[in-house]
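J.: Quick one: the structure is below, and I'll ask about it shortly.
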Amino acid sequence: MSETQSQLLNQKITRRDFLKYTGISAIGATTMSWLLPGCTSKDIKVFETADGMIIHESARCTGCLVCEATCSVGNDGKASQVTARIKVSQNFAYGPKGVRGDWVNGPGEMGNFTLVADTCRQCEQPACALACPENAIFEHEGTGAREVDPEKCVGCGTCVRACPWGIPTLDPETNVSTKCILCHGYTACVKDCPTGALQYVSWEDAIQKYKEHFQV
Amino acid sequence: MALKGGWAGTILRVDLSTEQITRESTEKYSRYIGGMGIGYKVMWDEVPQGTHPFAEENRIIFGVGPLTGTGAMCSGRTNITSLLPSNPFHGVSDSHMGGHFAVEMKYAGYDAVIIQGKAKRPVWLRIVDQDVTLEDASVFWGDGTFNTIAGITAIMGKSSQVAAIGQAGEHQVNLSVIRTGASHSAGGHGGVMGSKNLKAIGVMGTGSVKIAGDRNAWHKLNKDTFAIVGANNQHVVPSTPQAWAEYHDPSSRWTSQKGLFWGAAPYPIETGEVRPEEVNKIGYRTMKAIKDLGPAGEKYTVRMGGCASCPVRCHSHLHVPELEAYGVSPNVANTCMGFFSPNGVMKGYKVAGKTNDEANVIGRSMGAQIADDYGVWCNYGQLGRDFFWAIDHGYLEKVLPRDEYNSLPLDKIEKGDISFFQDFYRRIAFKEGELATLGEGAWYVAKKWGFGEDYWSYKGNKLWTKLGYPVHHSNESDGVVGGVISSMFNRDAQCHTHQNFLFSGLPTNILKEVAAEHWGAEAIDEVANYTPANQAKAKFTKWSIVRNVLHDSLTLCNWMWPMTVSPLKDRNYRGDTGLEAKFFSMATGFKVSEAELDESAERIFTLHRALTAKQMKSSNLRRDHDQLTGWQFDMDPDKEPFTKGTIKLDRDDYDTALTLFYREMGWDEETGIPTRAQLTRLNLEDVADELERLGLLTA
């Protein structure tokens with residue numbers, strides 16, 4: 001990790017401070033392409049690589065869902081598991097595939113206790129953005145996070161269907177899509193996680209962390 | 001008054017007899033906050049005096065509050081109100097469960113679900129936002145809670161949350177639970193669901209809970225609360241000496257320390273030392289397995305779990321592979337009495353090839369898992385104590401038919417064979433034979449099996465009153481303070497307000513300073529060196545109950561709240577008792593002070609008292625309800641009350657404590673019945689009128 005990035009991840013910064021760091025070095029897309037199943041659109045649309053992503057260490061996660069409430073209240077002014085951009089609850093009880101025959105030994109709090117979170121990878125070729133017919137998903141100039149422009153979004157749900165991890169979500173109360181925007185660099189879910197199961201890391205470090213038991 | 005935030009705004013009513021599903025506004029109940037408050041109001045308004053808990057006329061109310069689902073710290077509780085089957089006069093009571101059911105209910109759009117009537121056939125209630133239906137439950141009827149919850153989740157979708165009863169609830173066993181999630185049980189009301197032919201409630205919500213206040217201010221408030229929270233039970237010092245800590249207390253549940261691991265995690269995870277400012281480590285502070293199960297609990301711990309929005313994780317999630325040999329899931333989650341109550345049924349465990357410590361973990365896990373699946377409630381450990389009283393005093397052999405007695409594998413108890421649990425809990429849950437009387441609750445067992453006075457007055461039986469419920473932080477917790485608290489409910493008190501403060505782990509001199517600031521000098525004493533009743537103790541008693549009621553109404557976890565003290569030396573170890581009001585004000589948009597919110601909770605508890613008088617048909621609750629079993633005054637015969645080393649109470653002093661407490665509550669000092677003046681002050685004139693009409697109002 002670069003010194004600048006290290007500073008970013010380890011100190012308390014405001015969103016305004018973060019904007020100063022615009023243009024942090026992007027990481028080669030080819031290096032990361034193996035991490036991105038599902039983001040295989042052949043459409044050519046150039047996105048700068050995001051500065052980093054939020055990753056989840058399953059073994060440390062205790063399923064308190066503090067992250068989801070923090071995210072949705074901070075971003076929407078209301079608590080909601082559906083609009084939370086970090087998604088633990090949707091796989092909480094019986095894992096990503098729901099109740100299976102051998103649920104006792106399967107994932108989830110009702111099984112073998114393995115919790116599987118879905119996080120936004122801020123994909124290099126984001127399926128959500130590439131699929132959006134209104135070009136409503138853009139790259140934030142500060143963090144590189146892929147964001148939804150609520151003015152352009154028509155609520156068609158194409159992005160929801162395109163994302164392999166189910167991150168973009170149509171807010172059922174506004175019919176506008178939402179997704180992880182890295183809190184413009186603040187990453188509230190990471191800061192509030194009571195067990196440090198969430199981390200905001202550079203793409204470079206994500207590869208290393210992935211090898212160290214993290215789920216990316 | 002339009003509701004702006006916090007509350008969902010709608011209450012769901014399901015009449016199982018007519019299959020009508022209707023909605024009403026929460027506004028009618030806003031003065032009763034939520035959860036417990038809504039439950040009592042519904043019970044007062046709608047359930048006739050003398051109703052049996054299993055009658056169609058009884059209600060069962062699943063209530064949550066304006067803070068549930070907001071993300072406020074430790075706000076994941078569901079409050080369940082109904083008449084209590086195990087209580088001899090069927091007084092109104094609450095059971096509570098944690099987990100994630102409560103927040104899902106809020107996101108589906110409901111502050112409460114009122115269930116009434118009785119279905120013609122077994123049903124389960126399906127709630128998906130506004131889409132609410134009654135579904136056929138015949139395929140689940142007869143099954144345990146684990147399979148039922150899995151089956152309903154398979155139908156509803158993986159994001160749903162389910163609360164279900166087991167076979168004990170179906171058979172209307174008085175001591176039965178409603179269970180949700182891997183390990184969250186509400187004890188006492190499972191049979192009420194069973195009597196209504198309601199197997200389960202499944203809920204899935206895609207909505208939200210609005211925060212009326214500024215979102216950044218809300219986030220700051222929550223973060224500030226992170227900074228002053230302790231470990232489980234708000235223990236604010238570590239259990240071992242640590243360089244950063246001025247104090248430590250071996251009994252603290254702040255167990256995190258170097259060399260202590262979640263030993264069965266995919267890779268060992270060290271809890272390590274957790275300093276108060278380390279927000280991202282709060283979840284490691286409490287490793288409950290070593291408190292509930294002993295040292296061997298460490299190596300079986302996969303991780304800790306608990307409720308929504310709680311950073312302090314008090315449920316141990318274990319992998320116990322030895323259980324597979326008994327046909328039981330090796331993945332066990334539970335906490336506290338879930339693990340302790342099996343010890344009442346069996347007094348020791350033996351497992352081939354295992355040490356006694358390991359066998360202890362395996363045995364307790366086995367008992368917890370089976371009791372949870374059948375949905376049997378232990379009555380805070382009383383079920384096991386009654387069983388052994390019956391064995392040890394020759395009752396069991398006398399009251400059970402010979403064939404039944406001979407069929408009991410009592411030799412397994414002697415051998416420490418944990419398969420005994422399967423036989424024992426099955427008989428209770430399915431009401432098999434005379435032994436199943438144990439499942440009716442202590443009062444019924446004593447009456448039917450002819451237990452004598454010695455049963456009630458034996459200290460080891462822990463029976464607090466002759467209404468058949470045991471101690472739950474009573475005279476060990478500040479003498480008459482805990483004593484009076486334990487006498488005010490219709491079941492074990494479940495009040496941790498006083499307990500959390502008194503046993504936070506801080507030195508007595510600091511606690512005395514804090515107590516003096518809140519309730520006056522001499523509110524508390526050194527542990528087991530208690531002084532007589534006084535006004536400060538009465539104020540502390542009232543505050544403890546009022547905050548308990550407040551938490552069950554907001555809903556917040558009374559196992560964690562209030563934050564009376566903190567781990568922070570730079571705050572002089574003070575916490576912030578105004579936090580509940582701050583959260584409430586910001587969530588709902590109605591600005592209330594700490595005192596105003598406490599008054600709302602006082603209204604709720606006064607209504608509880610009126611409900612008790614009404615259901616008991618008593619115009620003298622001091623005489624009929626608040627009396628103890630005797631051992632509290634006669635224990636430690638070689639010691640006098642108010643001397644060091646005993647928690648013995650004095651009869652006259654206990655009477656004085658009741659009088660002082662009644663005075664604080666505005667109740668008739670002779671009878672303990674709320675006065676008209678106090679009921680009027682709390683806007684409960686209709687309650688006063690009804691008590692008067694029934695001939696129960698005494699002042």
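Just remember, in the structure tokens the first chain shown is A, the second B, etc., residues are 1-based per chain, and ligands are 1-based in the order shown.
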Counting only C-alpha atoms, give me one row per residue of chain A with an atom at most 6 Å from an atom of chain B, showing the shortest contact pair and its distance in Å to one decimal, sorted by chain then residue number, as CSV.
T.:
```
residue,atom,partner,partner_atom,distance
A:Thr62,CA,B:Gly305,CA,5.1
A:Cys64,CA,B:Ala308,CA,4.9
A:Leu65,CA,B:Ser309,CA,5.8
A:Val66,CA,B:Ser309,CA,4.9
A:Ala69,CA,B:Gly71,CA,5.0
A:Gly74,CA,B:Arg215,CA,5.8
A:Gly77,CA,B:Arg215,CA,5.3
A:Lys78,CA,B:Lys210,CA,4.3
A:Ala79,CA,B:Val209,CA,5.1
A:Ser80,CA,B:Ser208,CA,4.5
A:Val82,CA,B:Thr206,CA,5.8
A:Gln90,CA,B:Ser159,CA,5.1
A:Gly98,CA,B:Lys158,CA,4.7
A:Val99,CA,B:Ala154,CA,5.4
A:Met110,CA,B:Ala182,CA,5.3
A:Asn112,CA,B:Asn331,CA,5.8
A:Cys193,CA,B:Asn280,CA,5.5
A:Pro194,CA,B:Asn280,CA,4.3
A:Thr195,CA,B:Lys281,CA,4.8
A:Gly196,CA,B:Asn280,CA,4.9
```
J.: Do you know which residues are at most 12 Å from Ala243 in chain B counting only C-alpha atoms, after dropping those on the same chain fewer than 6 positions away, and could you put them as a list in words?
T.: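 Result of the neighbour search: Val237, Gln257, Lys258, Glu273, Val274 and Arg275 of chain B.
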J.: As number ranges by chain, which residues of range 482-649 of chain B does DSSP assign to helix (DSSP H, G or I)?
T.: B: 482-487, 497-502, 508-519, 535-554, 569-571, 579-588, 594-616, 621-624, 631-634
J.: Take the residues that were just selected and, keeping C-alpha atoms, output them as a PDB file, in the first residue's frame.
T.:
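Below is the file part-v4.pdb, written as the result:
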```pdb
ATOM      1  CA  GLY B 482     -33.510  -6.605  44.764  1.00  0.00           C
ATOM      2  CA  GLY B 483     -36.048  -8.107  47.142  1.00  0.00           C
ATOM      3  CA  VAL B 484     -38.807  -5.657  46.324  1.00  0.00           C
ATOM      4  CA  ILE B 485     -37.970  -5.675  42.591  1.00  0.00           C
ATOM      5  CA  SER B 486     -38.377  -9.456  42.525  1.00  0.00           C
ATOM      6  CA  SER B 487     -41.765  -9.200  44.240  1.00  0.00           C
ATOM      7  CA  THR B 497     -31.077  -2.513  35.836  1.00  0.00           C
ATOM      8  CA  HIS B 498     -29.922  -2.756  39.433  1.00  0.00           C
ATOM      9  CA  GLN B 499     -27.848  -5.837  38.765  1.00  0.00           C
ATOM     10  CA  ASN B 500     -25.867  -4.256  35.918  1.00  0.00           C
ATOM     11  CA  PHE B 501     -24.982  -1.267  38.060  1.00  0.00           C
ATOM     12  CA  LEU B 502     -24.202  -3.096  41.288  1.00  0.00           C
ATOM     13  CA  THR B 508     -17.948  -0.014  45.931  1.00  0.00           C
ATOM     14  CA  ASN B 509     -16.770   3.504  46.802  1.00  0.00           C
ATOM     15  CA  ILE B 510     -17.190   4.639  43.177  1.00  0.00           C
ATOM     16  CA  LEU B 511     -20.562   2.944  42.876  1.00  0.00           C
ATOM     17  CA  LYS B 512     -21.694   4.609  46.108  1.00  0.00           C
ATOM     18  CA  GLU B 513     -20.726   8.006  44.697  1.00  0.00           C
ATOM     19  CA  VAL B 514     -22.692   7.366  41.502  1.00  0.00           C
ATOM     20  CA  ALA B 515     -25.661   6.025  43.462  1.00  0.00           C
ATOM     21  CA  ALA B 516     -25.685   9.097  45.695  1.00  0.00           C
ATOM     22  CA  GLU B 517     -25.784  11.340  42.624  1.00  0.00           C
ATOM     23  CA  HIS B 518     -28.856   9.542  41.268  1.00  0.00           C
ATOM     24  CA  TRP B 519     -30.911   8.328  44.228  1.00  0.00           C
ATOM     25  CA  GLN B 535     -35.870   6.372  50.937  1.00  0.00           C
ATOM     26  CA  ALA B 536     -32.812   6.306  48.674  1.00  0.00           C
ATOM     27  CA  LYS B 537     -33.147   2.540  48.308  1.00  0.00           C
ATOM     28  CA  ALA B 538     -36.834   2.979  47.470  1.00  0.00           C
ATOM     29  CA  LYS B 539     -35.915   5.510  44.777  1.00  0.00           C
ATOM     30  CA  PHE B 540     -33.282   3.133  43.402  1.00  0.00           C
ATOM     31  CA  THR B 541     -35.854   0.314  43.406  1.00  0.00           C
ATOM     32  CA  LYS B 542     -38.360   2.408  41.498  1.00  0.00           C
ATOM     33  CA  TRP B 543     -35.770   3.624  38.997  1.00  0.00           C
ATOM     34  CA  SER B 544     -34.571   0.083  38.349  1.00  0.00           C
ATOM     35  CA  ILE B 545     -38.055  -1.182  37.563  1.00  0.00           C
ATOM     36  CA  VAL B 546     -39.024   1.882  35.553  1.00  0.00           C
ATOM     37  CA  ARG B 547     -35.914   1.580  33.381  1.00  0.00           C
ATOM     38  CA  ASN B 548     -36.519  -2.126  32.884  1.00  0.00           C
ATOM     39  CA  VAL B 549     -40.029  -1.384  31.696  1.00  0.00           C
ATOM     40  CA  LEU B 550     -38.720   1.450  29.540  1.00  0.00           C
ATOM     41  CA  HIS B 551     -36.206  -0.833  27.844  1.00  0.00           C
ATOM     42  CA  ASP B 552     -38.807  -3.509  27.137  1.00  0.00           C
ATOM     43  CA  SER B 553     -40.982  -0.830  25.592  1.00  0.00           C
ATOM     44  CA  LEU B 554     -38.444   1.063  23.445  1.00  0.00           C
ATOM     45  CA  LYS B 569     -11.488   6.769  33.799  1.00  0.00           C
ATOM     46  CA  ASP B 570     -11.531  10.179  32.132  1.00  0.00           C
ATOM     47  CA  ARG B 571     -15.297  10.246  32.663  1.00  0.00           C
ATOM     48  CA  LEU B 579     -29.096   8.249  26.532  1.00  0.00           C
ATOM     49  CA  GLU B 580     -32.474   6.540  26.222  1.00  0.00           C
ATOM     50  CA  ALA B 581     -34.204   9.926  26.079  1.00  0.00           C
ATOM     51  CA  LYS B 582     -31.674  11.222  23.553  1.00  0.00           C
ATOM     52  CA  PHE B 583     -32.200   8.239  21.271  1.00  0.00           C
ATOM     53  CA  PHE B 584     -35.967   8.433  21.659  1.00  0.00           C
ATOM     54  CA  SER B 585     -36.056  12.165  20.903  1.00  0.00           C
ATOM     55  CA  MET B 586     -33.865  11.889  17.854  1.00  0.00           C
ATOM     56  CA  ALA B 587     -35.591   8.817  16.433  1.00  0.00           C
ATOM     57  CA  THR B 588     -39.163   9.992  16.927  1.00  0.00           C
ATOM     58  CA  GLU B 594     -35.048  11.771  30.798  1.00  0.00           C
ATOM     59  CA  ALA B 595     -37.672  12.424  33.485  1.00  0.00           C
ATOM     60  CA  GLU B 596     -40.522  12.603  30.985  1.00  0.00           C
ATOM     61  CA  LEU B 597     -39.560   9.307  29.419  1.00  0.00           C
ATOM     62  CA  ASP B 598     -39.276   7.710  32.846  1.00  0.00           C
ATOM     63  CA  GLU B 599     -42.783   8.946  33.606  1.00  0.00           C
ATOM     64  CA  SER B 600     -44.102   7.173  30.523  1.00  0.00           C
ATOM     65  CA  ALA B 601     -42.504   3.974  31.781  1.00  0.00           C
ATOM     66  CA  GLU B 602     -43.979   4.620  35.235  1.00  0.00           C
ATOM     67  CA  ARG B 603     -47.393   4.786  33.557  1.00  0.00           C
ATOM     68  CA  ILE B 604     -46.753   1.403  31.948  1.00  0.00           C
ATOM     69  CA  PHE B 605     -45.691  -0.243  35.184  1.00  0.00           C
ATOM     70  CA  THR B 606     -48.600   1.261  37.090  1.00  0.00           C
ATOM     71  CA  LEU B 607     -50.883  -0.244  34.463  1.00  0.00           C
ATOM     72  CA  HIS B 608     -49.146  -3.584  35.056  1.00  0.00           C
ATOM     73  CA  ARG B 609     -49.949  -3.252  38.743  1.00  0.00           C
ATOM     74  CA  ALA B 610     -53.585  -2.476  38.001  1.00  0.00           C
ATOM     75  CA  LEU B 611     -53.755  -5.479  35.675  1.00  0.00           C
ATOM     76  CA  THR B 612     -52.366  -7.655  38.455  1.00  0.00           C
ATOM     77  CA  ALA B 613     -54.972  -6.435  40.936  1.00  0.00           C
ATOM     78  CA  LYS B 614     -57.729  -6.948  38.378  1.00  0.00           C
ATOM     79  CA  GLN B 615     -56.671 -10.467  37.429  1.00  0.00           C
ATOM     80  CA  MET B 616     -56.089 -11.495  41.070  1.00  0.00           C
ATOM     81  CA  LEU B 621     -51.568  -6.778  46.750  1.00  0.00           C
ATOM     82  CA  ARG B 622     -49.244  -6.363  49.725  1.00  0.00           C
ATOM     83  CA  ARG B 623     -50.983  -9.322  51.324  1.00  0.00           C
ATOM     84  CA  ASP B 624     -51.873 -11.365  48.247  1.00  0.00           C
ATOM     85  CA  TRP B 631     -36.162 -18.502  53.642  1.00  0.00           C
ATOM     86  CA  GLN B 632     -35.151 -14.942  52.841  1.00  0.00           C
ATOM     87  CA  PHE B 633     -35.701 -14.107  56.534  1.00  0.00           C
ATOM     88  CA  ASP B 634     -34.621 -17.410  58.071  1.00  0.00           C
TER      89      ASP B 634
END
```
J.: Write out as a PyMOL selection string the residues lying within 8 Å of Thr178 in chain A, counting only C-alpha atoms and excluding same-chain residues fewer than 6 positions away.
T.: chain A and resi 83+85+147-148+168-171
J.: Would you list the contacts of Gly63 in chain B as a PyMOL selection string, taking every protein, DNA or RNA residue within 9 Å and counting only C-alpha atoms, but skipping same-chain residues closer than 6 positions in sequence?
T.: chain B and resi 34-39+78-81+102+110-114+553+555
J.: Just give me the gap between CA of Ser316 in chain B and CA of Cys495 in chain B in Å, one decimal is fine.
T.: 22.0 Å
J.: Using Å and a single decimal, report how far CA of Asp357 in chain B sits from CA of Leu410 in chain B.
T.: 22.7 Å
J.: Give the strand (DSSP E or B) residues of range 53-117 of chain B, as assigned by DSSP on the backbone, as a list in words.
T.: Arg59, Ile60, Ile61, Phe62, Gly63, Thr78, Asn79, Ile80, Thr81, Ser82, Leu83, Val92, Ser93, Asp94, Ser95, His96, Met97, Ala112, Val113, Ile114, Ile115 and Gln116 of chain B
J.: Given only C-alpha atoms as the basis, pick out the residue of A:Val160, A:Lys87, A:Asn75, A:Thr187 nearest to Leu130 in chain A.
T.: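 Among the listed residues, the smallest separation from Leu130 in chain A belongs to A:Val160.
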J.: Which is closer to Lys639 in chain B than all the others in B:Asn683, B:Asn558, B:Gln234, B:Asn529, using only C-alpha atoms?
T.: B:Asn529
J.: For Glu212 in chain A, work out the shell of residues within 12 Å, counting only C-alpha atoms and skipping chain neighbours fewer than 3 positions away, then give it as a list of chain:residue names.
T.: A:Ile55, A:His56, A:Glu57, A:Ser58, A:Ala59, A:Asp205, A:Ala206, A:Ile207, A:Gln208, A:Lys209, A:Gln215, A:Val216, B:Pro266, B:Tyr267
J.: Any chance you could export the current selection's N, CA and C atoms as a CSV table (one decimal), in the first residue's frame?
T.:
```csv
chain,number,residue,atom,x,y,z
A,55,ILE,N,-13.9,-5.2,2.2
A,55,ILE,CA,-13.9,-6.7,2.2
A,55,ILE,C,-14.3,-7.2,3.5
A,56,HIS,N,-14.7,-8.4,3.6
A,56,HIS,CA,-15.4,-9.0,4.7
A,56,HIS,C,-14.6,-10.3,5.2
A,57,GLU,N,-14.3,-10.3,6.5
A,57,GLU,CA,-13.6,-11.5,7.0
A,57,GLU,C,-14.7,-12.3,7.8
A,58,SER,N,-15.1,-13.4,7.1
A,58,SER,CA,-16.3,-14.1,7.6
A,58,SER,C,-16.1,-14.6,9.1
A,59,ALA,N,-14.9,-15.1,9.4
A,59,ALA,CA,-14.7,-15.8,10.7
A,59,ALA,C,-14.8,-14.8,11.8
A,205,ASP,N,-4.1,-4.7,-1.9
A,205,ASP,CA,-4.1,-5.4,-0.6
A,205,ASP,C,-5.3,-6.4,-0.6
A,206,ALA,N,-6.3,-6.1,-1.4
A,206,ALA,CA,-7.4,-7.1,-1.4
A,206,ALA,C,-7.0,-8.4,-1.9
A,207,ILE,N,-6.0,-8.5,-2.8
A,207,ILE,CA,-5.5,-9.8,-3.3
A,207,ILE,C,-4.9,-10.5,-2.1
A,208,GLN,N,-4.0,-9.8,-1.4
A,208,GLN,CA,-3.3,-10.4,-0.3
A,208,GLN,C,-4.3,-10.9,0.8
A,209,LYS,N,-5.2,-10.0,1.1
A,209,LYS,CA,-6.2,-10.3,2.1
A,209,LYS,C,-7.1,-11.5,1.7
A,215,GLN,N,-13.1,-12.7,2.6
A,215,GLN,CA,-14.0,-12.9,1.5
A,215,GLN,C,-14.1,-11.6,0.7
A,216,VAL,N,-13.8,-11.7,-0.6
A,216,VAL,CA,-13.8,-10.5,-1.4
A,216,VAL,C,-15.0,-10.5,-2.3
B,266,PRO,N,-12.7,-21.0,12.0
B,266,PRO,CA,-12.0,-21.6,10.9
B,266,PRO,C,-10.5,-21.5,11.1
B,267,TYR,N,-10.0,-20.5,11.7
B,267,TYR,CA,-8.7,-20.4,12.2
B,267,TYR,C,-8.7,-19.7,13.5
```
J.: Contacts of Leu383 in chain B at 9 Å or less, counting only C-alpha atoms, minus same-chain residues fewer than 6 places along, as a list in words?
T.: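 Listing them by chain and then by number gives Leu175, Ser341, Gly344, Val345, Trp377, Leu438, Gly439, Gly441 and Ala442 of chain B.
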J.: Nearest to Glu109 in chain A: which of A:Ala136, A:Cys128, A:Val46, A:Val88 is it, counting only C-alpha atoms?
T.: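 When distances to Glu109 in chain A are compared using only C-alpha atoms, the smallest one comes from A:Val88.
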J.: So that I can see what lies close to Asn534 in chain B, please list as number ranges by chain the residues with an atom at most 10 Å from it, counting only C-alpha atoms and leaving out residues fewer than 2 positions away in the same chain.
T.: B: 480-481, 520-523, 531-532, 536-539, 653, 656-657, 660-661
J.: What is the distance between CA of Ala50 in chain A and CA of Ile181 in chain A, in Å to one decimal?
T.: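 About the pair CA of Ala50 in chain A and CA of Ile181 in chain A: they are 10.4 Å apart.
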